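S.K.: Got a structure here, written out as structure tokens. Questions coming.
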Amino acid sequence: MNIINKYISQLLPIVLWLSATTVFAVSSDTLSIFFAGDLMQHDAQINAAKMADGRYDYSRCFMYVRPYIRSADIAVGNLEVTLGGPPYRGYPAFSAPDEFLFAIRDAGFDVLMTANNHCLDRGKPGLERTIDMLDSLKIKRAGTYKNADDRIHNYPLLVEKKGFKVAFLNATYGTNGIRVTKPNIVNFIDRQQLKQDIMKARLMKPDIIIAVMHWGQEYKTTPSSEEIELAEWLISMGVDHVIGSHPHVVQPVAMIGDSICPQKHLVVFSLGNYISNMSARNTDGGLSVKLYFKRINGITRLLSCEKSLVWTSRPILNNKSDFILYPADIDAKCLNNNEKQKMNRYIQDTNRILKNGDSIFVIDKNEKK
């Protein structure tokens, strides 16, 4: 009976997802790329995952969102912890158990961005061990490097799928004042370096160039003028789309478009938290986006952007021992009254934030000339 219950619990999220979701029809000449926000591990999450034998179990954390992640051709997340080994700690110097990375891989993530303000929390050993863990699990990475040779050979990150070539760029505003120890390299938001990296990416002849920027002001639900201008600059340099992280709250999604050329450039200023122990208003969930691309007359175009919200339930709310990610369209029967109340508030607040996206880029590039 225990074995039967185990399999039922594993199948339930898939059944619920299939019943609550309309599946986008994807052909062989169409590519989908999924982006999730900050993958974090605070002390409460680490303690909740610890088992009696000293190992850690994160198998339930992603059970309801796994179908969303795995349905994409490429799934990308922001790894905002190090895998620096024990002692495991949350804020302010993150080092997550290796089992957290196993769960991320098993959830379906193919690519992880590592340039963020916490990538040096465990110094040189933590940065290098994180890279080693990602490489050992064959998870593609961008943002931090052991040395110049590592960066030269692996950056920009070029991912090939279904005949499409996607170049990923990743950089951070800073590392909380911790200096990089040579020969390690962290990608910082430096325009001269970014310009060189974009040029190198363009020489790779990719179909799509996407820049993932760790930027902005924490807990602000609107981007600053500096971020808006930087996003425009990145696109003017040849980046097709920009995805943002760091504020720990969702910020608007906007589109830069030409009145003549059908090419559209998506800017997601902040995806917020994907999974964390943050509980302040607007921080207890996040936004995920799935971009659909198609070749039209030999040119790769952005077909659509599918936005979906997720919310993290904590043990104090769900009376269980796990942190569990719920998609916004989860069957209400899966939640208790406390969870429903908190999740509904988050969804309502975030939908109001997302409505502001249309007013960010009010002037198209042709009108600026």
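Residue numbering restarts at 1 in every chain; chains get A, B, ... in the order shown in the structure tokens, and ligands count up from 1 in that same order.
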I want to know what sits within 8 Å of Val65 in chain A, based on only C-alpha atoms, with residues of the same chain fewer than 2 positions away left out; could you give that as a PDB file with C-alpha atoms, in the first residue's frame?
M.R.:
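Once everything was written out, this is part_37.pdb:
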```pdb
ATOM      1  CA  PRO A  13       0.562  16.837  -9.896  1.00  0.00           C
ATOM      2  CA  PHE A  62       8.867  21.067  -7.342  1.00  0.00           C
ATOM      3  CA  MET A  63       6.272  18.298  -7.691  1.00  0.00           C
ATOM      4  CA  PRO A  67       5.328  19.484 -15.734  1.00  0.00           C
ATOM      5  CA  TYR A  68       5.572  23.199 -16.573  1.00  0.00           C
ATOM      6  CA  ILE A  69       9.363  23.141 -16.465  1.00  0.00           C
ATOM      7  CA  ALA A 107      12.552  19.182 -11.986  1.00  0.00           C
ATOM      8  CA  LEU A 325       5.796  25.441  -5.078  1.00  0.00           C
ATOM      9  CA  TYR A 326       2.238  25.863  -6.332  1.00  0.00           C
ATOM     10  CA  PRO A 327       1.337  27.125  -9.830  1.00  0.00           C
TER      11      PRO A 327
END
```
S.K.: Excluding same-chain residues fewer than 3 positions from Gly163 in chain A, what lies within 10 Å of it counting only C-alpha atoms, as a PyMOL selection string?
M.R.: chain A and resi 28-31+160+166+207
S.K.: Write down as a VMD selection string the residues of range 61-285 of chain A whose backbone DSSP state falls under helix (DSSP H, G or I).
M.R.: chain A and resid 66 to 70 98 to 107 123 to 136 148 to 154 191 to 203 225 to 237
S.K.: For Leu354 in chain A, list every protein, DNA or RNA residue within 10 Å, evaluated using only C-alpha atoms, and leave out those in the same chain fewer than 6 positions away; present the list as a list in words.
M.R.: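 Returned residues: Thr221, Thr222, Val250, Gln251, Pro252, Val253, Ala254, Leu287 and Lys307 of chain A.
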S.K.: Using only C-alpha atoms, which of the listed residues (A:Gly126, A:Tyr292, A:Leu194, A:Ile235) sits closest to Asp73 in chain A?
M.R.: A:Tyr292
S.K.: Quick check, in Å to one decimal: how far apart do CA of Ala328 in chain A and CA of Asn344 in chain A lie?
M.R.: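 Value for the CA of Ala328 in chain A-CA of Asn344 in chain A distance: 8.6 Å.
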S.K.: Closest to Glu227 in chain A among A:Val268, A:Leu203, A:Cys334, A:Cys119, using only C-alpha atoms?
M.R.: A:Val268
S.K.: Name the residues in contact with Asn336 in chain A at a cut-off of 10 Å, using only C-alpha atoms, excluding same-chain residues fewer than 6 positions from it; report them as a VMD selection string.
M.R.: chain A and resid 317 to 319
S.K.: Would you mind reading off the distance between CA of Ser71 in chain A and CA of Glu306 in chain A, one decimal, in Å?
M.R.: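 Straight-line distance from CA of Ser71 in chain A to CA of Glu306 in chain A works out to 12.5 Å.
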S.K.: So, with only C-alpha atoms as the atoms that count, which of A:Ile139, A:Ile360, A:Leu120, A:Leu157 lies closest to Thr181 in chain A?
M.R.: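 Nearest candidate to Thr181 in chain A out of A:Ile139, A:Ile360, A:Leu120, A:Leu157: A:Leu120.
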S.K.: Write out as a list in words each polymer residue whose atoms come within 6 Å of Asn273 in chain A, counting only C-alpha atoms; drop sequence neighbours fewer than 5 positions from it.
M.R.: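 In the requested form, the answer reads Gly37, Asp38, His248, Gly285 and Gly286 of chain A.
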